[in-house]
>>> print(open('model_14.tsv').read())   # TSV, C-alpha atoms and all ligand atoms
chain	number	residue	atom	x	y	z
K	90	MET	CA	-13.78	-10.40	21.96
K	91	ASN	CA	-16.35	-12.54	23.74
K	92	HIS	CA	-15.31	-14.36	26.88
K	93	ASN	CA	-15.27	-17.85	25.38
K	94	ASP	CA	-12.90	-16.61	22.66
K	95	LEU	CA	-10.73	-15.07	25.36
K	96	LEU	CA	-10.64	-18.37	27.25
K	97	GLU	CA	-9.75	-20.27	24.09
K	98	LYS	CA	-6.92	-17.82	23.37
K	99	ILE	CA	-5.27	-18.46	26.72
K	100	ARG	CA	-5.85	-22.25	26.82
K	101	ASP	CA	-2.56	-23.05	25.06
K	102	ARG	CA	-0.54	-20.78	27.34
K	103	MET	CA	-0.87	-23.04	30.36
K	104	PRO	CA	-1.19	-26.66	31.48
K	105	THR	CA	-4.71	-28.12	31.88
K	106	LYS	CA	-4.63	-27.82	35.67
K	107	ARG	CA	-3.85	-24.09	35.51
K	108	PHE	CA	-6.54	-23.63	32.87
K	109	GLU	CA	-9.05	-25.25	35.25
K	110	HIS	CA	-7.81	-22.92	38.00
K	111	THR	CA	-8.28	-19.95	35.65
K	112	LYS	CA	-11.87	-20.92	34.90
K	113	GLY	CA	-12.45	-21.38	38.63
K	114	VAL	CA	-11.11	-17.89	39.36
K	115	ALA	CA	-13.33	-16.37	36.65
K	116	THR	CA	-16.44	-18.16	37.96
K	117	THR	CA	-15.70	-17.24	41.58
K	118	ALA	CA	-14.97	-13.64	40.59
K	119	ILE	CA	-18.32	-13.37	38.74
K	120	HIS	CA	-20.09	-14.71	41.82
K	121	LEU	CA	-18.34	-12.24	44.17
K	122	ALA	CA	-18.88	-9.35	41.75
K	123	GLU	CA	-22.59	-10.10	41.75
K	124	LYS	CA	-22.64	-10.34	45.53
K	125	TYR	CA	-20.75	-7.08	46.11
K	126	GLY	CA	-22.30	-5.01	43.30
K	127	GLU	CA	-19.27	-4.93	41.03
K	128	ASP	CA	-19.11	-5.33	37.25
K	129	LYS	CA	-19.39	-9.06	36.44
K	130	ASP	CA	-18.00	-8.60	32.96
K	131	LYS	CA	-14.81	-6.97	34.27
K	132	ALA	CA	-14.50	-9.64	36.97
K	133	GLU	CA	-14.70	-12.40	34.36
K	134	ILE	CA	-12.11	-10.78	32.07
K	135	ALA	CA	-9.68	-10.18	34.95
K	136	GLY	CA	-10.22	-13.75	36.18
K	137	ILE	CA	-9.55	-15.22	32.73
K	138	LEU	CA	-6.40	-13.16	32.19
K	139	HIS	CA	-4.89	-13.08	35.69
K	140	ASP	CA	-2.39	-15.91	35.01
K	141	VAL	CA	-1.89	-15.22	31.30
K	142	VAL	CA	1.94	-15.22	31.58
K	143	LYS	CA	2.28	-17.57	34.56
K	144	PHE	CA	4.16	-20.05	32.34
K	145	ALA	CA	6.08	-17.57	30.23
K	146	ASP	CA	9.84	-17.86	29.94
K	147	ARG	CA	11.55	-16.48	33.03
K	148	GLU	CA	14.11	-14.44	31.11
K	149	TRP	CA	11.35	-12.95	28.96
K	150	LEU	CA	9.43	-11.95	32.10
K	151	LYS	CA	12.56	-10.35	33.48
K	152	GLN	CA	13.17	-8.38	30.29
K	153	ASN	CA	9.58	-7.12	30.40
K	154	ILE	CA	9.97	-5.93	33.99
K	155	LEU	CA	12.98	-3.92	32.85
K	156	SER	CA	11.61	-2.63	29.54
K	157	GLU	CA	8.18	-1.74	30.98
K	158	GLN	CA	9.84	-0.07	33.94
K	159	LEU	CA	7.94	-2.15	36.47
K	160	ASP	CA	9.21	-2.16	40.05
K	161	PRO	CA	12.86	-3.31	39.75
K	162	MET	CA	12.67	-4.67	43.29
K	163	LEU	CA	10.51	-7.47	41.84
K	164	LEU	CA	13.70	-8.93	40.38
K	165	THR	CA	15.17	-9.38	43.85
K	166	PHE	CA	12.14	-11.52	44.82
K	167	HIS	CA	10.97	-14.95	43.72
K	168	HIS	CA	10.05	-15.14	40.02
K	169	GLU	CA	6.52	-16.25	41.04
K	170	LEU	CA	5.86	-12.57	41.72
K	171	TRP	CA	6.61	-11.48	38.16
K	172	HIS	CA	3.60	-12.87	36.29
K	173	GLY	CA	1.04	-10.46	37.77
K	174	PRO	CA	2.77	-7.20	36.79
K	175	VAL	CA	3.88	-8.52	33.39
K	176	GLY	CA	0.44	-10.10	32.86
K	177	SER	CA	-1.21	-6.69	33.14
K	178	ILE	CA	1.10	-5.37	30.39
K	179	VAL	CA	0.28	-8.35	28.16
K	180	ALA	CA	-3.46	-7.96	28.85
K	181	LYS	CA	-3.19	-4.41	27.55
K	182	LYS	CA	-0.89	-4.97	24.59
K	183	GLU	CA	-2.02	-8.37	23.32
K	184	PHE	CA	-5.62	-8.54	24.50
K	185	PHE	CA	-6.37	-4.81	24.15
K	186	ILE	CA	-7.75	-4.44	27.67
K	187	GLU	CA	-7.89	-0.73	28.43
K	188	ASP	CA	-9.82	-0.76	31.68
K	189	GLU	CA	-7.39	0.27	34.44
K	190	ASP	CA	-9.30	-1.58	37.16
K	191	ILE	CA	-9.01	-4.87	35.25
K	192	LEU	CA	-5.33	-4.21	34.57
K	193	GLN	CA	-4.59	-3.41	38.23
K	194	SER	CA	-6.51	-6.50	39.34
K	195	ILE	CA	-4.23	-8.64	37.19
K	196	ARG	CA	-1.14	-6.73	38.28
K	197	PHE	CA	-1.69	-7.12	42.01
K	198	HIS	CA	-3.47	-10.49	42.17
K	199	THR	CA	-0.53	-12.25	43.88
K	200	THR	CA	0.57	-9.66	46.45
K	201	GLY	CA	-2.31	-7.26	46.94
K	202	ARG	CA	-1.38	-3.63	47.67
K	203	ALA	CA	-2.59	-0.62	49.67
K	204	ASP	CA	-5.75	1.07	48.42
K	205	MET	CA	-7.17	-1.86	46.46
K	206	SER	CA	-10.42	-1.46	44.54
K	207	ASN	CA	-13.23	-3.95	45.15
K	208	LEU	CA	-12.45	-5.62	41.82
K	209	GLU	CA	-8.80	-6.06	42.85
K	210	LYS	CA	-9.93	-7.65	46.13
K	211	ILE	CA	-12.36	-9.91	44.29
K	212	ILE	CA	-9.62	-11.22	42.00
K	213	TYR	CA	-7.12	-11.66	44.85
K	214	ILE	CA	-9.67	-13.59	46.94
K	215	SER	CA	-10.97	-15.62	43.98
K	216	ASP	CA	-7.42	-16.69	43.14
K	217	MET	CA	-7.10	-18.05	46.66
K	218	ILE	CA	-10.48	-19.72	47.18
K	219	GLU	CA	-11.67	-20.93	43.74
K	220	PRO	CA	-13.08	-24.48	43.82
K	221	SER	CA	-9.92	-26.36	42.78
K	222	ARG	CA	-7.82	-24.86	45.58
K	223	SER	CA	-7.29	-26.94	48.68
K	224	PHE	CA	-5.29	-26.05	51.80
K	225	PRO	CA	-5.93	-26.04	55.56
K	226	GLY	CA	-8.13	-23.10	56.46
K	227	ILE	CA	-9.63	-22.53	53.02
K	228	GLU	CA	-13.20	-23.21	54.20
K	229	VAL	CA	-13.04	-20.29	56.64
K	230	LEU	CA	-11.80	-18.02	53.82
K	231	ARG	CA	-14.64	-19.22	51.56
K	232	GLU	CA	-17.19	-18.55	54.31
K	233	LYS	CA	-15.82	-15.07	54.94
K	234	ALA	CA	-15.95	-14.27	51.21
K	235	GLU	CA	-19.70	-14.90	51.35
K	236	ILE	CA	-20.17	-12.47	54.23
K	237	ASP	CA	-17.83	-9.48	53.98
K	238	LEU	CA	-15.35	-8.53	51.25
K	239	GLU	CA	-13.00	-6.50	53.51
K	240	ASP	CA	-12.91	-9.13	56.20
K	241	ALA	CA	-12.26	-11.85	53.61
K	242	MET	CA	-9.46	-9.78	52.10
K	243	ILE	CA	-7.78	-9.24	55.50
K	244	SER	CA	-8.01	-12.96	56.21
K	245	CYS	CA	-6.63	-13.92	52.77
K	246	VAL	CA	-3.65	-11.55	52.88
K	247	THR	CA	-2.96	-12.55	56.50
K	248	HIS	CA	-3.00	-16.19	55.45
K	249	SER	CA	-0.54	-15.47	52.63
K	250	ILE	CA	1.87	-13.46	54.83
K	251	LYS	CA	1.75	-16.08	57.62
K	252	PHE	CA	2.39	-18.86	55.10
K	253	LEU	CA	5.49	-17.08	53.79
K	254	ILE	CA	6.80	-16.28	57.27
K	255	GLU	CA	6.27	-19.86	58.44
K	256	LYS	CA	8.27	-21.05	55.43
K	257	LYS	CA	10.94	-18.42	56.18
K	258	GLN	CA	10.37	-16.84	52.77
K	259	PRO	CA	10.87	-13.13	52.07
K	260	VAL	CA	7.68	-11.09	51.80
K	261	TYR	CA	7.40	-8.54	49.02
K	262	PRO	CA	6.27	-5.37	50.84
K	263	ASP	CA	3.03	-4.75	48.91
K	264	SER	CA	1.39	-7.51	50.95
K	265	PHE	CA	2.33	-5.70	54.18
K	266	HIS	CA	1.09	-2.41	52.73
K	267	CYS	CA	-2.14	-4.16	51.82
K	268	TYR	CA	-2.56	-5.62	55.31
K	269	ASN	CA	-1.75	-2.32	57.08
K	270	ASP	CA	-4.08	-0.35	54.82
K	271	LEU	CA	-7.01	-2.73	55.37
K	272	LEU	CA	-6.57	-2.57	59.16
K	273	LYS	CA	-6.34	1.22	59.12
K	274	ARG	CA	-9.57	1.47	57.14
K	275	LYS	CA	-11.29	-0.93	59.53
K	276	GLU	CA	-10.47	1.31	62.51
K	277	LYS	CA	-12.14	4.34	60.93
K	301	LIG	N1	4.19	-10.62	49.19
K	301	LIG	C1	4.71	-11.75	48.74
K	301	LIG	N2	6.05	-11.94	48.76
K	301	LIG	C2	6.61	-13.07	48.30
K	301	LIG	N3	5.90	-14.10	47.80
K	301	LIG	C3	4.55	-13.97	47.76
K	301	LIG	C4	3.89	-12.79	48.22
K	301	LIG	N4	2.55	-12.95	48.05
K	301	LIG	C5	2.38	-14.19	47.53
K	301	LIG	N5	3.56	-14.81	47.35
K	301	LIG	C6	3.82	-16.14	46.81
K	301	LIG	O1	3.82	-16.08	45.41
K	301	LIG	C7	3.50	-17.34	44.88
K	301	LIG	C8	2.57	-17.18	43.71
K	301	LIG	O2	1.30	-16.79	44.12
K	301	LIG	P1	0.09	-16.85	43.09
K	301	LIG	O3	0.25	-15.89	42.00
K	301	LIG	O4	-1.18	-16.78	43.89
K	301	LIG	O5	0.32	-18.27	42.43
K	301	LIG	P2	-0.46	-19.59	42.56
K	301	LIG	O6	-1.73	-19.30	41.82
K	301	LIG	O7	0.43	-20.60	41.89
K	301	LIG	O8	-0.67	-19.84	44.03
K	301	LIG	C9	2.91	-18.15	46.03
K	301	LIG	O9	3.85	-19.15	46.39
K	301	LIG	C10	2.75	-17.15	47.16
K	301	LIG	O10	3.00	-17.74	48.42
>>> encode(input="model_14.tsv", output="structure tokens")
Amino acid sequence: MNHNDLLEKIRDRMPTKRFEHTKGVATTAIHLAEKYGEDKDKAEIAGILHDVVKFADREWLKQNILSEQLDPMLLTFHHELWHGPVGSIVAKKEFFIEDEDILQSIRFHTTGRADMSNLEKIIYISDMIEPSRSFPGIEVLREKAEIDLEDAMISCVTHSIKFLIEKKQPVYPDSFHCYNDLLKRKEK
């Protein structure tokens, strides 16, 4: 399936604003893939599909977490965390994506995790900094993304964890694992 067809297939699954965000993530991911020597085609596919079930029915998402034997702890966290893991299942089953790196990039795009591939980092960062996003501090994240992928990733996951802590929200542990892993690698 060519990428325009893929975009058209997901258009009806989300409101216009989210569709614009999706296109922004895909474009940013292509740019970062080019910059950091990763596969642009994979980056675009992962960007297009990362939010494929963001607006799916909550009960349906829950059933998929159970039937696909995804981490049951997800169900004890905010439902916003469910669309990444279930999205990777849908990307495989409905969109016939077989590439594990694309699937993992979709799966972990909200939380990050330890031992992320460059493509996973690119999708995580692109989701945060694509052109339609706006929040205090985003310009620094955008600048870092142009200079160093690891450094940008540490800053993005730090921003996300700090945001949750400031709002007194629980933090799903993969983001801590991600942060700890990136720091450990930096020390080496
Ligand atoms: N480790 C985490 N634990 C709990 N919530 C998280 C974690 N990481 C991110 N979030 C929250 O999940 C929500 C969804 O994130 P995301 O998939 O990027 O959606 P959006 O594109 O709407 O920002 C955000 O509110 C974010 O703060």
>>> axis_aligned_box(input="model_14.tsv", around="range 148-154 of chain K", padding_each_side="4 Å", output="AutoDock Vina command-line options")
--center_x 11.8 --center_y -10.2 --center_z 31.5 --size_x 12.7 --size_y 16.5 --size_z 13.0
>>> atom_distance(input="model_14.tsv", atom1="CA of His198 in chain K", atom2="CA of Leu138 in chain K")
10.7 Å
>>> atom_distance(input="model_14.tsv", atom1="CA of Val114 in chain K", atom2="CA of Asn269 in chain K")
25.4 Å
>>> closest_atom_pairs(input="model_14.tsv", of="range 119-156 of chain K", to="range 227-235 of chain K", cutoff="12 Å", atoms="only C-alpha atoms", output="JSON lines")
{"residue": "K:His120", "atom": "CA", "partner": "K:Glu235", "partner_atom": "CA", "distance": 9.5}
{"residue": "K:Leu121", "atom": "CA", "partner": "K:Ala234", "partner_atom": "CA", "distance": 7.7}
{"residue": "K:Ala122", "atom": "CA", "partner": "K:Ala234", "partner_atom": "CA", "distance": 11.1}
{"residue": "K:Glu123", "atom": "CA", "partner": "K:Glu235", "partner_atom": "CA", "distance": 11.1}
{"residue": "K:Lys124", "atom": "CA", "partner": "K:Glu235", "partner_atom": "CA", "distance": 8.0}
{"residue": "K:Tyr125", "atom": "CA", "partner": "K:Glu235", "partner_atom": "CA", "distance": 9.5}
>>> residues_near_ligand(input="model_14.tsv", ligand="ligand LIG 301 (chain K)", cutoff="7 Å", atoms="only C-alpha atoms and all ligand atoms", output="list in words")
Phe166, His167, Glu169, Leu170, Gly173, His198, Thr199, Thr200, Asp216, Met217, Ser249, Ile250, Phe252, Leu253, Gln258, Pro259, Val260, Tyr261, Pro262, Asp263 and Ser264 of chain K
>>> atom_distance(input="model_14.tsv", atom1="CA of Ala118 in chain K", atom2="CA of Phe144 in chain K")
21.8 Å
>>> residues_near_point(input="model_14.tsv", point="(-7.3, -5.5, 29.3)", cutoff="12 Å", atoms="only C-alpha atoms", output="VMD selection string")
chain K and resid 90 95 130 to 139 141 176 to 196
>>> write_last_selection(input="model_14.tsv", atoms="C-alpha atoms", output="compact mmCIF listing (two decimals), keeping the file's coordinate frame")
# COMPACT_ATOMS: atom_id res chain seq x y z
CA MET K 90 -13.78 -10.40 21.96
CA LEU K 95 -10.73 -15.07 25.36
CA ASP K 130 -18.00 -8.60 32.96
CA LYS K 131 -14.81 -6.97 34.27
CA ALA K 132 -14.50 -9.64 36.97
CA GLU K 133 -14.70 -12.40 34.36
CA ILE K 134 -12.11 -10.78 32.07
CA ALA K 135 -9.68 -10.18 34.95
CA GLY K 136 -10.22 -13.75 36.18
CA ILE K 137 -9.55 -15.22 32.73
CA LEU K 138 -6.40 -13.16 32.19
CA HIS K 139 -4.89 -13.08 35.69
CA VAL K 141 -1.89 -15.22 31.30
CA GLY K 176 0.44 -10.10 32.86
CA SER K 177 -1.21 -6.69 33.14
CA ILE K 178 1.10 -5.37 30.39
CA VAL K 179 0.28 -8.35 28.16
CA ALA K 180 -3.46 -7.96 28.85
CA LYS K 181 -3.19 -4.41 27.55
CA LYS K 182 -0.89 -4.97 24.59
CA GLU K 183 -2.02 -8.37 23.32
CA PHE K 184 -5.62 -8.54 24.50
CA PHE K 185 -6.37 -4.81 24.15
CA ILE K 186 -7.75 -4.44 27.67
CA GLU K 187 -7.89 -0.73 28.43
CA ASP K 188 -9.82 -0.76 31.68
CA GLU K 189 -7.39 0.27 34.44
CA ASP K 190 -9.30 -1.58 37.16
CA ILE K 191 -9.01 -4.87 35.25
CA LEU K 192 -5.33 -4.21 34.57
CA GLN K 193 -4.59 -3.41 38.23
CA SER K 194 -6.51 -6.50 39.34
CA ILE K 195 -4.23 -8.64 37.19
CA ARG K 196 -1.14 -6.73 38.28
